[in-house]
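Engineer: Let me begin by handing over the structure; questions about it come next.
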Amino acid sequence: MTEQTPHLVVAFGGVSPEHEVSVLTAMQVMSTLSSSKYTILPLYISKSGQWLTGDILKDLEQYGDLDTLTQQASPCYFNRDQLGRVVFEYTKKGLFSKPIQKPIYAVVISFHGGAGENGSFQGICEQYNLPYTGSGVLASSLGMDKVKAKQLCEANHIPVTSSLNFYEEDWDRHIDTILKEVEQLGYPVIVKPSSLGSSIGVKKVESQSVLIKAVETAFRYDAQILIEEAIAPLIEINCAVLGTPESSISSVCERPVGRDEALSFADKYQRGGGEKGIASADRVIPADISEELSQNIRALSEQIFRIFQATGVARIDYLVQKDTQKVYFNEINTIPGSFSYYLWEYSKLNFNDLLDQLIETAIIVHQQKNGRILHYKTNLLNDKAATGLKGIK
């Protein structure tokens, strides 16, 4: 690789229960792009929040000992060079090492959960005016909040299951009222942390005693809990969407296969060994559903993608009542595991081409944003300086 080769930052890890899932996705990204037209700069955020880089971070085997890994990697951060350009800066190990600065072409965001997916890291990229893959701050934050996502869909006449939500303080103060509301929903119900993915903390419960334990467990991960009616008999169907709010296409549908009706973390990542991330899970592609249902879900997915103002690739998950074929929105994943590349392969779009398209979209969105008027010429400060602080009303 020459210095003229665009430097691509692949950001992953993070302070999140889905840390390991993010590492798997990033490994897939870096191995796919390693021999392509980009120079890869890994940006690994450790479980304690350190920003680290180095070639060692490209080797999955090194993650077996995170303490040693973080000691051998180099601290890094976004900075500006003497000309004011944003650079990726790091210092190699050594007593007299000097900071190394690399220009940034784009950032491939490969986080799952936490600040990497909820819009926080996206906001950092916005502050530095960096092109980045995936959805912006608004869509990312909405997508991570299952309660707000359901409310947004319901407001736009997208079918959702009946549910209730509450905070930990509500549970402590009004547990009897909440338990009665759950009784009105009718068992079984699904208990979920509001802001987690990968089925972490999610449990289907059949009775009040199990419900109480499930809620207490879910509060270990999140301050807000969502309880939904359970659809039975259930078919889970997922569909990915690629593009921008103005122009998008949907993938074929998939039917995930789990040991139970509701997929667990183990179903998604550990049944196939896990080294391929979500791609190792069992699934039927294309989903074994009617063409009419498939087309309905694909159209609905593109509509939801636009409602959330999503960008890049997102996966929308649905609950389908097997007997009536009624479709309910479950959640939107603005950074789906493995970028749902396995769904696009059925559209003759391989993983490398998918990544190139995500990067190209990031560049286009960035250029369009910078093409807008970003400053408003005014003499406001001069006027206020003349009148003093008392004139600021």
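Identifiers in the structure tokens: chain A, B, ... in order shown; residue index from 1 per chain; ligand index from 1 in order shown.
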Could I get the residues of segment 44-121 of chain A with an atom no further than 8 Å from an atom of segment 195-219 of chain A, each paired with its nearest atom pair and that distance in Å to one decimal, using only C-alpha atoms, sorted by chain and residue number, as a tab-separated table?

Structural biologist:
```
residue	atom	partner	partner_atom	distance
A:His112	CA	A:Gly197	CA	7.6
A:Gly113	CA	A:Leu196	CA	6.0
A:Gly114	CA	A:Leu196	CA	7.6
```

Engineer: Counting only C-alpha atoms, which residues of segment 123-163 of chain A fall within 12 Å of segment 5-18 of chain A, and what is the closest atom pair for each with its distance in Å at one decimal, ordered by chain and rising number, as a tab-separated table?

Structural biologist:
```
residue	atom	partner	partner_atom	distance
A:Cys125	CA	A:Ala11	CA	11.1
A:Leu130	CA	A:Val9	CA	10.5
A:Pro131	CA	A:Leu8	CA	10.3
A:Tyr132	CA	A:Val9	CA	9.2
A:Thr133	CA	A:Val10	CA	9.9
```

Engineer: Could you pull out the alpha helix (DSSP H) residues of segment 130-368 of chain A, going by DSSP on the backbone, and write them as JSON, numbers by chain?

Structural biologist: {"A": [137, 138, 139, 140, 141, 142, 143, 144, 146, 147, 148, 149, 150, 151, 152, 153, 154, 155, 168, 169, 170, 171, 172, 173, 174, 175, 176, 177, 178, 179, 180, 181, 182, 183, 184, 185, 208, 209, 210, 211, 212, 213, 214, 215, 216, 217, 218, 265, 266, 267, 268, 269, 291, 292, 293, 294, 295, 296, 297, 298, 299, 300, 301, 302, 303, 304, 305, 306, 307, 341, 342, 343, 344, 351, 352, 353, 354, 355, 356, 357, 358, 359, 360, 361, 362, 363, 364, 365, 366, 367, 368]}

Engineer: Which is closest to Gln184 of chain A among A:Val257, A:Leu57, A:Gly337, A:Ile227, if we use only C-alpha atoms?

Structural biologist: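 Closest residue, counting only C-alpha atoms: A:Ile227.
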
Engineer: Can you work out the spacing between atom CA of Leu300 of chain A and atom CA of Ala115 of chain A in Å, to one decimal?

Structural biologist: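 Atom CA of Leu300 of chain A sits 27.9 Å away from atom CA of Ala115 of chain A.
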